[in-house]
>>> print(open('run.txt').read())   # compact mmCIF, C-alpha atoms
# COMPACT_ATOMS: atom_id res chain seq x y z
CA MET S 1 89.85 75.54 58.96
CA LYS S 2 91.46 77.49 56.13
CA PHE S 3 95.01 78.82 56.35
CA THR S 4 96.18 81.56 53.99
CA ALA S 5 99.38 83.32 52.94
CA PRO S 6 100.26 86.91 53.91
CA LEU S 7 99.76 89.92 51.64
CA LYS S 8 96.95 88.34 49.62
CA ALA S 9 93.38 89.40 49.09
CA ASN S 10 92.19 86.48 51.20
CA SER S 11 94.83 86.75 53.97
CA THR S 12 93.86 86.31 57.60
CA LYS S 13 95.29 89.41 59.22
CA ILE S 14 96.11 90.45 62.78
CA LEU S 15 96.98 93.99 63.84
CA LEU S 16 99.00 94.57 67.00
CA LEU S 17 98.63 97.82 68.92
CA GLY S 18 101.95 97.73 70.73
CA SER S 19 105.04 96.11 69.24
CA GLY S 20 107.46 95.33 72.05
CA GLU S 21 109.24 92.08 72.83
CA LEU S 22 106.03 90.24 73.67
CA GLY S 23 104.37 91.43 70.50
CA LYS S 24 107.40 90.28 68.54
CA GLU S 25 106.90 86.70 69.72
CA VAL S 26 103.17 86.92 68.96
CA VAL S 27 103.98 87.99 65.39
CA ILE S 28 106.44 85.12 64.96
CA GLU S 29 103.85 82.58 66.11
CA ALA S 30 101.19 84.13 63.87
CA GLN S 31 103.43 83.95 60.83
CA ARG S 32 104.09 80.26 61.50
CA LEU S 33 100.41 79.74 60.71
CA GLY S 34 100.43 81.92 57.61
CA LEU S 35 98.77 84.99 59.13
CA GLU S 36 99.47 88.45 57.80
CA THR S 37 100.83 90.64 60.60
CA VAL S 38 100.67 94.41 61.06
CA ALA S 39 102.64 95.92 63.95
CA VAL S 40 101.82 99.38 65.30
CA ASP S 41 103.70 101.35 67.92
CA SER S 42 104.61 104.89 68.93
CA TYR S 43 108.27 104.59 67.87
CA ALA S 44 110.05 103.26 64.80
CA ASN S 45 111.78 99.89 64.63
CA ALA S 46 110.04 98.46 67.66
CA PRO S 47 110.80 94.73 68.11
CA ALA S 48 107.62 93.49 66.40
CA HIS S 49 108.13 95.99 63.56
CA LEU S 50 111.24 94.05 62.60
CA VAL S 51 109.39 90.78 61.97
CA ALA S 52 105.89 91.87 60.88
CA ASN S 53 104.69 92.12 57.27
CA LYS S 54 103.80 95.78 57.77
CA ALA S 55 104.65 98.40 60.38
CA TYR S 56 103.17 101.75 61.42
CA VAL S 57 104.33 104.48 63.78
CA ILE S 58 101.48 106.54 65.25
CA ASP S 59 100.34 108.23 68.42
CA MET S 60 98.46 105.28 69.87
CA LYS S 61 96.55 107.49 72.29
CA ASN S 62 95.10 109.40 69.33
CA GLU S 63 91.70 107.95 68.42
CA ASP S 64 91.78 109.21 64.83
CA GLN S 65 95.24 107.79 64.12
CA VAL S 66 94.38 104.38 65.60
CA LEU S 67 91.14 104.18 63.66
CA ASP S 68 92.86 105.29 60.46
CA VAL S 69 95.25 102.32 60.62
CA ILE S 70 92.45 99.90 61.50
CA ARG S 71 90.22 101.09 58.66
CA ARG S 72 93.10 101.06 56.20
CA GLU S 73 94.28 97.54 57.06
CA LYS S 74 90.88 95.96 57.86
CA PRO S 75 92.34 93.26 60.16
CA ASP S 76 90.44 90.15 61.15
CA PHE S 77 91.71 90.56 64.71
CA ILE S 78 92.99 93.57 66.67
CA LEU S 79 95.40 92.69 69.48
CA PRO S 80 96.01 95.46 72.06
CA GLU S 81 99.47 94.71 73.46
CA VAL S 82 99.98 97.74 75.75
CA GLU S 83 97.91 99.93 78.06
CA ALA S 84 98.76 103.24 76.41
CA ILE S 85 96.23 103.16 73.57
CA SER S 86 92.99 104.94 72.73
CA ILE S 87 90.22 102.86 74.26
CA SER S 88 87.60 104.97 72.46
CA ALA S 89 89.14 103.81 69.17
CA LEU S 90 88.69 100.18 70.21
CA PHE S 91 85.04 100.70 71.10
CA GLU S 92 84.44 102.45 67.78
CA ALA S 93 86.26 99.67 65.91
CA GLU S 94 83.98 97.11 67.52
CA LYS S 95 80.93 99.14 66.50
CA GLU S 96 82.23 99.01 62.93
CA GLY S 97 82.46 95.23 63.06
CA PHE S 98 86.14 94.68 63.86
CA HIS S 99 87.11 91.95 66.34
CA VAL S 100 89.11 93.26 69.32
CA ILE S 101 90.93 90.62 71.39
CA PRO S 102 89.55 89.72 73.84
CA ASN S 103 87.01 92.57 73.51
CA ALA S 104 87.04 96.34 73.95
CA GLU S 105 85.34 96.30 77.34
CA ALA S 106 87.85 93.79 78.73
CA VAL S 107 90.69 96.02 77.53
CA ASN S 108 88.95 99.04 79.05
CA LYS S 109 88.67 97.32 82.43
CA THR S 110 92.19 95.90 82.55
CA MET S 111 94.14 98.89 81.26
CA ASN S 112 92.92 100.94 84.22
CA ARG S 113 93.61 99.71 87.76
CA LYS S 114 90.52 101.48 89.06
CA ASN S 115 88.22 99.78 86.57
CA ILE S 116 89.61 96.29 87.12
CA ARG S 117 89.78 96.57 90.90
CA VAL S 118 86.17 97.75 91.15
CA PHE S 119 85.10 94.99 88.73
CA ALA S 120 87.03 92.23 90.48
CA CYS S 121 86.26 93.19 94.06
CA GLU S 122 82.87 94.90 93.95
CA GLU S 123 81.20 92.97 91.13
CA LEU S 124 82.88 89.56 91.28
CA ASN S 125 83.69 89.64 95.02
CA LEU S 126 87.22 88.34 94.54
CA PRO S 127 89.53 88.51 97.57
CA ALA S 128 92.06 91.36 97.32
CA SER S 129 93.92 93.93 99.38
CA LYS S 130 92.19 97.04 100.72
CA TYR S 131 92.45 100.04 98.40
CA GLU S 132 91.59 103.71 97.89
CA PHE S 133 91.68 105.96 94.82
CA VAL S 134 93.13 109.47 95.11
CA SER S 135 93.73 112.47 92.88
CA THR S 136 95.59 114.92 95.13
CA LEU S 137 98.55 114.79 97.50
CA ASP S 138 96.29 115.47 100.49
CA GLU S 139 93.98 112.64 99.46
CA LEU S 140 97.02 110.38 99.14
CA LYS S 141 98.20 111.24 102.64
CA ASN S 142 94.76 110.57 104.10
CA ALA S 143 94.30 107.30 102.20
CA ALA S 144 97.73 106.00 103.21
CA THR S 145 97.04 106.79 106.85
CA LYS S 146 93.67 105.04 106.62
CA ILE S 147 95.04 101.90 104.92
CA GLY S 148 98.21 101.83 107.00
CA PHE S 149 101.92 101.51 106.34
CA PRO S 150 103.58 100.08 104.39
CA CYS S 151 101.31 100.64 101.39
CA VAL S 152 101.70 100.39 97.64
CA ILE S 153 101.08 103.47 95.48
CA LYS S 154 100.57 103.25 91.70
CA PRO S 155 99.04 105.29 88.88
CA VAL S 156 95.73 103.77 87.80
CA MET S 157 97.16 103.54 84.28
CA SER S 158 100.76 102.46 83.68
CA SER S 159 102.68 99.37 82.63
CA SER S 160 105.77 97.37 83.61
CA GLY S 161 105.82 98.84 87.12
CA HIS S 162 106.27 102.43 85.96
CA GLY S 163 105.30 104.87 88.69
CA GLN S 164 104.91 102.21 91.38
CA SER S 165 106.46 102.54 94.84
CA ILE S 166 106.06 101.38 98.43
CA ALA S 167 105.56 104.01 101.13
CA LYS S 168 106.95 102.52 104.34
CA THR S 169 106.11 105.54 106.48
CA ALA S 170 104.30 108.88 106.17
CA ASN S 171 107.67 110.44 105.33
CA ASP S 172 107.70 108.51 102.02
CA ILE S 173 104.37 109.84 100.74
CA GLU S 174 105.63 112.90 98.88
CA LYS S 175 108.37 110.87 97.18
CA SER S 176 105.82 108.23 96.13
CA TRP S 177 103.63 111.02 94.76
CA GLU S 178 106.52 112.30 92.64
CA ILE S 179 107.36 108.80 91.36
CA ALA S 180 103.75 108.19 90.33
CA LYS S 181 103.43 111.52 88.58
CA GLU S 182 106.58 110.92 86.52
CA ALA S 183 105.25 107.60 85.17
CA ARG S 184 104.32 107.07 81.55
CA GLY S 185 100.59 106.62 81.12
CA ASP S 186 97.79 108.44 82.93
CA ALA S 187 98.88 109.52 86.42
CA SER S 188 95.92 111.82 87.06
CA GLU S 189 94.55 109.28 89.55
CA LEU S 190 96.43 106.90 91.84
CA ILE S 191 95.53 103.72 93.68
CA VAL S 192 96.73 103.17 97.24
CA GLU S 193 96.80 99.48 98.16
CA GLU S 194 97.26 97.64 101.40
CA PHE S 195 100.62 95.86 101.46
CA ILE S 196 99.80 92.20 101.93
CA THR S 197 102.57 90.24 103.63
CA PHE S 198 102.19 87.43 101.12
CA ASP S 199 104.45 84.39 100.95
CA TYR S 200 104.91 84.68 97.19
CA GLU S 201 103.18 85.89 94.04
CA ILE S 202 102.35 84.07 90.85
CA THR S 203 101.15 84.59 87.32
CA LEU S 204 98.54 82.09 86.21
CA LEU S 205 98.40 82.10 82.42
CA THR S 206 94.78 81.47 81.49
CA VAL S 207 93.83 80.70 77.89
CA ARG S 208 90.23 80.75 76.75
CA ASN S 209 88.22 80.38 73.56
CA GLU S 210 85.00 78.72 72.47
CA THR S 211 86.46 75.26 73.16
CA GLY S 212 87.07 75.98 76.84
CA THR S 213 89.70 77.33 79.24
CA THR S 214 93.25 76.05 79.77
CA PHE S 215 95.50 76.93 82.72
CA CYS S 216 99.26 76.73 82.43
CA GLU S 217 101.35 75.68 85.41
CA PRO S 218 101.68 78.57 87.90
CA ILE S 219 104.63 80.89 87.35
CA GLY S 220 106.51 82.28 90.32
CA HIS S 221 108.26 85.60 89.94
CA ILE S 222 110.37 88.22 91.66
CA GLN S 223 109.72 91.89 91.00
CA LYS S 224 111.75 95.01 91.62
CA ASP S 225 110.10 98.43 91.48
CA GLY S 226 106.98 96.77 90.10
CA ASP S 227 108.74 95.11 87.15
CA TYR S 228 109.74 91.48 86.92
CA ILE S 229 113.37 90.40 86.97
CA PHE S 230 113.06 86.60 87.44
CA SER S 231 110.30 84.08 86.78
CA TRP S 232 110.11 80.31 87.05
CA GLN S 233 107.65 77.57 86.21
CA PRO S 234 106.13 75.67 87.89
CA MET S 235 105.82 77.43 91.21
CA ASN S 236 105.89 74.96 94.10
CA MET S 237 102.58 75.47 95.91
CA SER S 238 99.94 73.45 97.72
CA GLU S 239 97.20 71.81 95.70
CA LEU S 240 94.62 73.83 97.63
CA ALA S 241 96.32 77.14 96.84
CA LYS S 242 96.69 76.09 93.22
CA GLN S 243 93.00 75.18 92.92
CA ARG S 244 91.96 78.43 94.56
CA SER S 245 94.20 80.29 92.10
CA ILE S 246 92.50 78.51 89.21
CA ASP S 247 89.09 79.41 90.65
CA VAL S 248 90.00 83.11 90.86
CA ALA S 249 91.55 83.11 87.37
CA ARG S 250 88.53 81.39 85.88
CA LYS S 251 86.13 83.83 87.54
CA ILE S 252 87.95 86.97 86.41
CA THR S 253 88.54 85.77 82.84
CA ASP S 254 84.98 84.47 82.48
CA GLY S 255 83.83 87.86 83.69
CA LEU S 256 85.94 89.66 81.09
CA GLY S 257 84.94 87.24 78.32
CA GLY S 258 86.35 86.95 74.82
CA ARG S 259 89.20 84.77 73.62
CA GLY S 260 92.94 84.80 74.00
CA LEU S 261 95.52 84.47 76.73
CA PHE S 262 95.27 86.34 80.04
CA GLY S 263 98.03 86.83 82.61
CA VAL S 264 96.35 86.70 86.02
CA GLU S 265 98.56 87.97 88.85
CA LEU S 266 97.84 86.63 92.34
CA PHE S 267 99.28 86.96 95.86
CA ILE S 268 99.53 83.73 97.88
CA LYS S 269 99.63 83.60 101.68
CA GLY S 270 99.51 80.06 102.97
CA ASP S 271 96.56 78.56 101.12
CA ASP S 272 94.81 81.92 100.74
CA VAL S 273 94.75 83.61 97.33
CA TYR S 274 94.36 87.34 96.66
CA PHE S 275 93.66 88.89 93.29
CA SER S 276 96.23 91.48 92.16
CA GLU S 277 95.94 92.30 88.44
CA VAL S 278 95.10 90.77 85.07
CA SER S 279 96.44 91.48 81.57
CA PRO S 280 94.39 90.39 78.50
CA ARG S 281 97.49 89.36 76.54
CA PRO S 282 100.79 87.51 77.00
CA HIS S 283 102.60 88.41 80.20
CA ASP S 284 106.27 89.31 80.63
CA THR S 285 106.76 86.67 83.35
CA GLY S 286 105.35 84.15 80.87
CA MET S 287 108.42 84.39 78.64
CA VAL S 288 109.62 81.37 80.62
CA THR S 289 107.12 79.28 78.61
CA MET S 290 109.43 79.60 75.61
CA ILE S 291 111.57 76.93 77.27
CA THR S 292 109.08 74.98 79.41
CA GLN S 293 106.17 74.26 77.06
CA SER S 294 105.70 72.85 73.57
CA GLN S 295 103.37 75.80 72.94
CA SER S 296 104.59 79.04 74.50
CA GLU S 297 102.17 81.62 75.86
CA PHE S 298 102.49 83.41 72.51
CA ALA S 299 101.58 80.32 70.51
CA LEU S 300 98.65 79.65 72.84
CA HIS S 301 97.45 83.24 72.39
CA ILE S 302 97.34 82.80 68.62
CA ARG S 303 95.71 79.38 68.91
CA ALA S 304 93.00 80.79 71.17
CA ILE S 305 92.34 83.69 68.80
CA LEU S 306 91.95 81.32 65.85
CA GLY S 307 89.80 78.85 67.79
CA LEU S 308 92.39 76.06 67.60
CA PRO S 309 92.88 73.38 70.29
CA LEU S 310 94.80 74.58 73.34
CA ASP S 311 96.64 71.35 74.17
CA TYR S 312 100.38 71.39 74.76
CA VAL S 313 103.15 69.40 76.46
CA ASP S 314 104.96 70.49 79.63
CA TYR S 315 108.65 69.80 79.03
CA GLY S 316 109.74 70.30 82.65
CA CYS S 317 110.95 73.14 84.85
CA GLY S 318 112.39 76.43 83.68
CA ALA S 319 113.27 79.98 84.61
CA SER S 320 113.76 83.34 82.97
CA ALA S 321 115.95 86.29 83.90
CA ALA S 322 115.42 89.73 82.39
CA TYR S 323 118.45 91.72 81.29
CA LYS S 324 117.97 95.43 81.94
CA SER S 325 120.13 98.09 80.38
CA THR S 326 122.72 100.05 82.30
CA THR S 327 123.32 102.55 79.48
CA ASP S 328 121.56 105.14 77.36
CA THR S 329 122.42 104.86 73.68
CA PHE S 330 120.97 104.76 70.16
CA THR S 331 123.43 102.00 69.23
CA PRO S 332 122.70 99.11 71.61
CA GLU S 333 125.32 96.40 71.85
CA LEU S 334 125.10 93.38 74.12
CA GLU S 335 128.16 91.28 74.89
CA ILE S 336 126.84 87.75 75.51
CA ASP S 337 129.08 84.93 76.69
CA PRO S 338 128.68 82.05 74.18
CA SER S 339 128.56 79.59 77.09
CA ILE S 340 124.95 80.69 77.67
CA PHE S 341 123.88 78.78 74.57
CA THR S 342 123.57 75.14 75.63
CA LYS S 343 121.02 72.37 75.21
CA ASN S 344 119.30 73.68 78.36
CA SER S 345 119.67 77.45 78.04
CA PHE S 346 119.59 80.31 75.56
CA VAL S 347 118.97 84.05 75.19
CA ARG S 348 116.35 86.04 73.33
CA VAL S 349 117.55 89.52 72.29
CA PHE S 350 114.69 91.97 71.82
CA SER S 351 116.45 94.26 69.29
CA LYS S 352 115.12 97.51 70.75
CA PRO S 353 116.57 100.48 68.86
CA GLN S 354 117.52 102.47 71.95
CA THR S 355 118.57 101.70 75.49
CA HIS S 356 117.91 103.65 78.63
CA LEU S 357 118.59 102.83 82.25
CA GLY S 358 116.46 99.88 83.32
CA ARG S 359 114.99 99.13 79.89
CA ARG S 360 114.48 95.40 79.29
CA MET S 361 116.71 94.38 76.38
CA ALA S 362 116.94 90.58 76.52
CA VAL S 363 115.90 87.52 78.49
CA ALA S 364 117.96 84.50 79.49
CA LEU S 365 116.10 81.18 79.70
CA SER S 366 117.15 78.06 81.59
CA PHE S 367 115.68 74.55 81.65
CA ASP S 368 115.93 71.76 84.21
CA LYS S 369 113.93 68.57 83.88
CA ASN S 370 113.08 68.24 87.56
CA SER S 371 113.64 71.43 89.57
CA SER S 372 112.43 75.02 89.20
CA ASP S 373 114.88 76.03 91.94
CA VAL S 374 117.82 74.68 89.93
CA ALA S 375 116.53 76.37 86.78
CA LEU S 376 116.21 79.68 88.64
CA GLU S 377 119.74 79.52 90.05
CA ASN S 378 121.03 78.74 86.56
CA ALA S 379 119.10 81.69 85.11
CA LYS S 380 120.61 84.00 87.73
CA GLU S 381 124.07 82.84 86.68
CA LEU S 382 123.26 83.23 82.98
CA ILE S 383 122.11 86.83 83.27
CA GLU S 384 125.49 87.77 84.75
CA LYS S 385 127.07 86.68 81.47
CA ILE S 386 125.34 89.49 79.55
CA LYS S 387 127.05 92.87 79.48
CA GLU S 388 126.81 96.10 77.48
CA ASN S 389 129.63 97.76 75.58
>>> encode(input="run.txt", output="structure tokens")
Amino acid sequence: MKFTAPLKANSTKILLLGSGELGKEVVIEAQRLGLETVAVDSYANAPAHLVANKAYVIDMKNEDQVLDVIRREKPDFILPEVEAISISALFEAEKEGFHVIPNAEAVNKTMNRKNIRVFACEELNLPASKYEFVSTLDELKNAATKIGFPCVIKPVMSSSGHGQSIAKTANDIEKSWEIAKEARGDASELIVEEFITFDYEITLLTVRNETGTTFCEPIGHIQKDGDYIFSWQPMNMSELAKQRSIDVARKITDGLGGRGLFGVELFIKGDDVYFSEVSPRPHDTGMVTMITQSQSEFALHIRAILGLPLDYVDYGCGASAAYKSTTDTFTPELEIDPSIFTKNSFVRVFSKPQTHLGRRMAVALSFDKNSSDVALENAKELIEKIKEN
């Protein structure tokens, strides 16, 4: 296989549509292999902008603007890194011969909770919670009553938990409606899901290319308001539950096709496994792999795209803790206790140009050779050592 240098006539080039903290790590891994990197986002100085060879700021929901960048740069691979992009532009790019990762149809299915739920449950017959789709407040009230309380209410298109809430009783419905409608993304249609009293939830990072499919150790995580705050790897689970999780992840990713890394989210109750969601790109809970594996989820994503072997070494157990901002400023400043930086722990600062309440600004990572529980407790202590000025 040939490896090139960036900014040359023969460069191998990737273009990211979405340039947040996950995209930043993807760019870093791509540049380690000599790839030329182009980072695109809707705001200037996004994290991946700061490390890529080239950067663009566009309206990523605008088909013409997305296609203009693609046609100008002529990338070998297009990597959609967020949901809020023009899917019609991706389909058109594929028609013109560009390679979308994993493919435009997979992105189309996964960026919309209605599409992926119908595909997973009605076409692939994967086990999942009961659900209804609604477009009006009256429909929401009826669907919630039919499914039962508590129930989970989300926009069909949003990311990082935006617009998600749990209605515990009928009195919560109007508030959940307001929360969903204020979300970024498309809130014209909502999904109402049965609340499964699961024991825990996991992310199963699934990496596939022409050489086969690799499954990382399951990642446990804790979410708040639909967004992760802690994750750890490996999750302690029965071998039967783990194998069933692998079976579900294989079925959904084989159904979507293409190459790259997928974050498959699953609910686990006893040994039973329920499909939740899937992202066709690195997953926020997977940041823990930066300290647990010789090849992080970002490195595996690039390897899969290039058709390289997907082997790696598990170092041991680890955990991650997300730091979320408590301020709103254009001059972010984190005060990090130097004691965080040890042989078994460190911090990654995302370098976002603006903070707002709840925005993820950094992640603390902790390693323990033998115990995920110990790593998680350490990560919880580490995150308390990060403050804002």
>>> closest_atom_pairs(input="run.txt", of="stretch 237-324 of chain S", to="stretch 368-374 of chain S", cutoff="9 Å", atoms="all atoms listed in the file", output="JSON lines")
{"residue": "S:Thr292", "atom": "CA", "partner": "S:Asp368", "partner_atom": "CA", "distance": 9.0}
{"residue": "S:Tyr315", "atom": "CA", "partner": "S:Lys369", "partner_atom": "CA", "distance": 7.3}
{"residue": "S:Gly316", "atom": "CA", "partner": "S:Lys369", "partner_atom": "CA", "distance": 4.7}
{"residue": "S:Cys317", "atom": "CA", "partner": "S:Ser372", "partner_atom": "CA", "distance": 5.0}
{"residue": "S:Gly318", "atom": "CA", "partner": "S:Ser372", "partner_atom": "CA", "distance": 5.7}
{"residue": "S:Ala319", "atom": "CA", "partner": "S:Ser372", "partner_atom": "CA", "distance": 6.8}
>>> residues_around(input="run.txt", residues="S:Ala48", least_positions_apart="4", cutoff="7 Å", atoms="all atoms listed in the file", output="PyMOL selection string")
chain S and resi 19-21+23-24+27+39+52
>>> closest_atom_pairs(input="run.txt", of="stretch 204-290 of chain S", to="stretch 356-363 of chain S", cutoff="10 Å", atoms="only C-alpha atoms", output="Markdown table")
| residue | atom | partner | partner_atom | distance |
| --- | --- | --- | --- | --- |
| S:Asp227 | CA | S:Arg360 | CA | 9.7 |
| S:Tyr228 | CA | S:Arg360 | CA | 9.8 |
| S:Ile229 | CA | S:Arg360 | CA | 9.2 |
| S:Phe230 | CA | S:Val363 | CA | 9.4 |
| S:Met287 | CA | S:Val363 | CA | 8.1 |
| S:Val288 | CA | S:Val363 | CA | 9.0 |
>>> atom_distance(input="run.txt", atom1="atom CA of S:Lys251", atom2="atom CA of S:Leu16")
26.5 Å
>>> closest_residue(input="run.txt", among="S:Val57, S:Asn103, S:Met235, S:Lys141", to="S:Asn45", atoms="all atoms listed in the file")
S:Val57
>>> closest_residue(input="run.txt", among="S:Leu190, S:Ala44, S:Leu376, S:Ala84", to="S:Glu178", atoms="only C-alpha atoms")
S:Leu190
>>> residues_around(input="run.txt", residues="S:Asp272", least_positions_apart="2", cutoff="10 Å", atoms="only C-alpha atoms", output="PyMOL selection string")
chain S and resi 127+198-199+240-242+244-245+267-270+274
>>> residues_around(input="run.txt", residues="S:Thr213", least_positions_apart="3", cutoff="10 Å", atoms="only C-alpha atoms", output="PDB file with C-alpha atoms, in the coordinates of the input")
ATOM      1  CA  THR S 206      94.780  81.470  81.490  1.00  0.00           C
ATOM      2  CA  VAL S 207      93.830  80.700  77.890  1.00  0.00           C
ATOM      3  CA  ARG S 208      90.230  80.750  76.750  1.00  0.00           C
ATOM      4  CA  ASN S 209      88.220  80.380  73.560  1.00  0.00           C
ATOM      5  CA  GLU S 210      85.000  78.720  72.470  1.00  0.00           C
ATOM      6  CA  ARG S 250      88.530  81.390  85.880  1.00  0.00           C
ATOM      7  CA  THR S 253      88.540  85.770  82.840  1.00  0.00           C
ATOM      8  CA  ASP S 254      84.980  84.470  82.480  1.00  0.00           C
ATOM      9  CA  ARG S 259      89.200  84.770  73.620  1.00  0.00           C
ATOM     10  CA  GLY S 260      92.940  84.800  74.000  1.00  0.00           C
ATOM     11  CA  LEU S 261      95.520  84.470  76.730  1.00  0.00           C
ATOM     12  CA  ALA S 304      93.000  80.790  71.170  1.00  0.00           C
ATOM     13  CA  LEU S 310      94.800  74.580  73.340  1.00  0.00           C
TER      14      LEU S 310
END
>>> closest_residue(input="run.txt", among="S:Ser296, S:Asn389, S:Thr211, S:Asn112", to="S:Thr326", atoms="only C-alpha atoms")
S:Asn389
>>> atom_distance(input="run.txt", atom1="atom CA of S:Ser294", atom2="atom CA of S:Glu335")
29.1 Å
>>> atom_distance(input="run.txt", atom1="atom CA of S:Val118", atom2="atom CA of S:Ser279")
15.4 Å
>>> closest_residue(input="run.txt", among="S:Thr197, S:Asn62, S:Asn125, S:Thr285", to="S:Val152", atoms="only C-alpha atoms")
S:Thr197
>>> residues_around(input="run.txt", residues="S:Lys168", least_positions_apart="3", cutoff="12 Å", atoms="all atoms listed in the file", output="number ranges by chain")
S: 144-145, 147-153, 165, 171-176, 194-195
>>> residues_near_point(input="run.txt", point="(89.9, 92.6, 89.3)", cutoff="6 Å", atoms="only C-alpha atoms", output="PyMOL selection string")
chain S and resi 116-117+119-120
>>> axis_aligned_box(input="run.txt", around="stretch 199-209 of chain S", padding_each_side="3 Å", output="JSON")
{"center_x": 96.6, "center_y": 83.1, "center_z": 87.3, "size_x": 22.7, "size_y": 11.5, "size_z": 33.4}
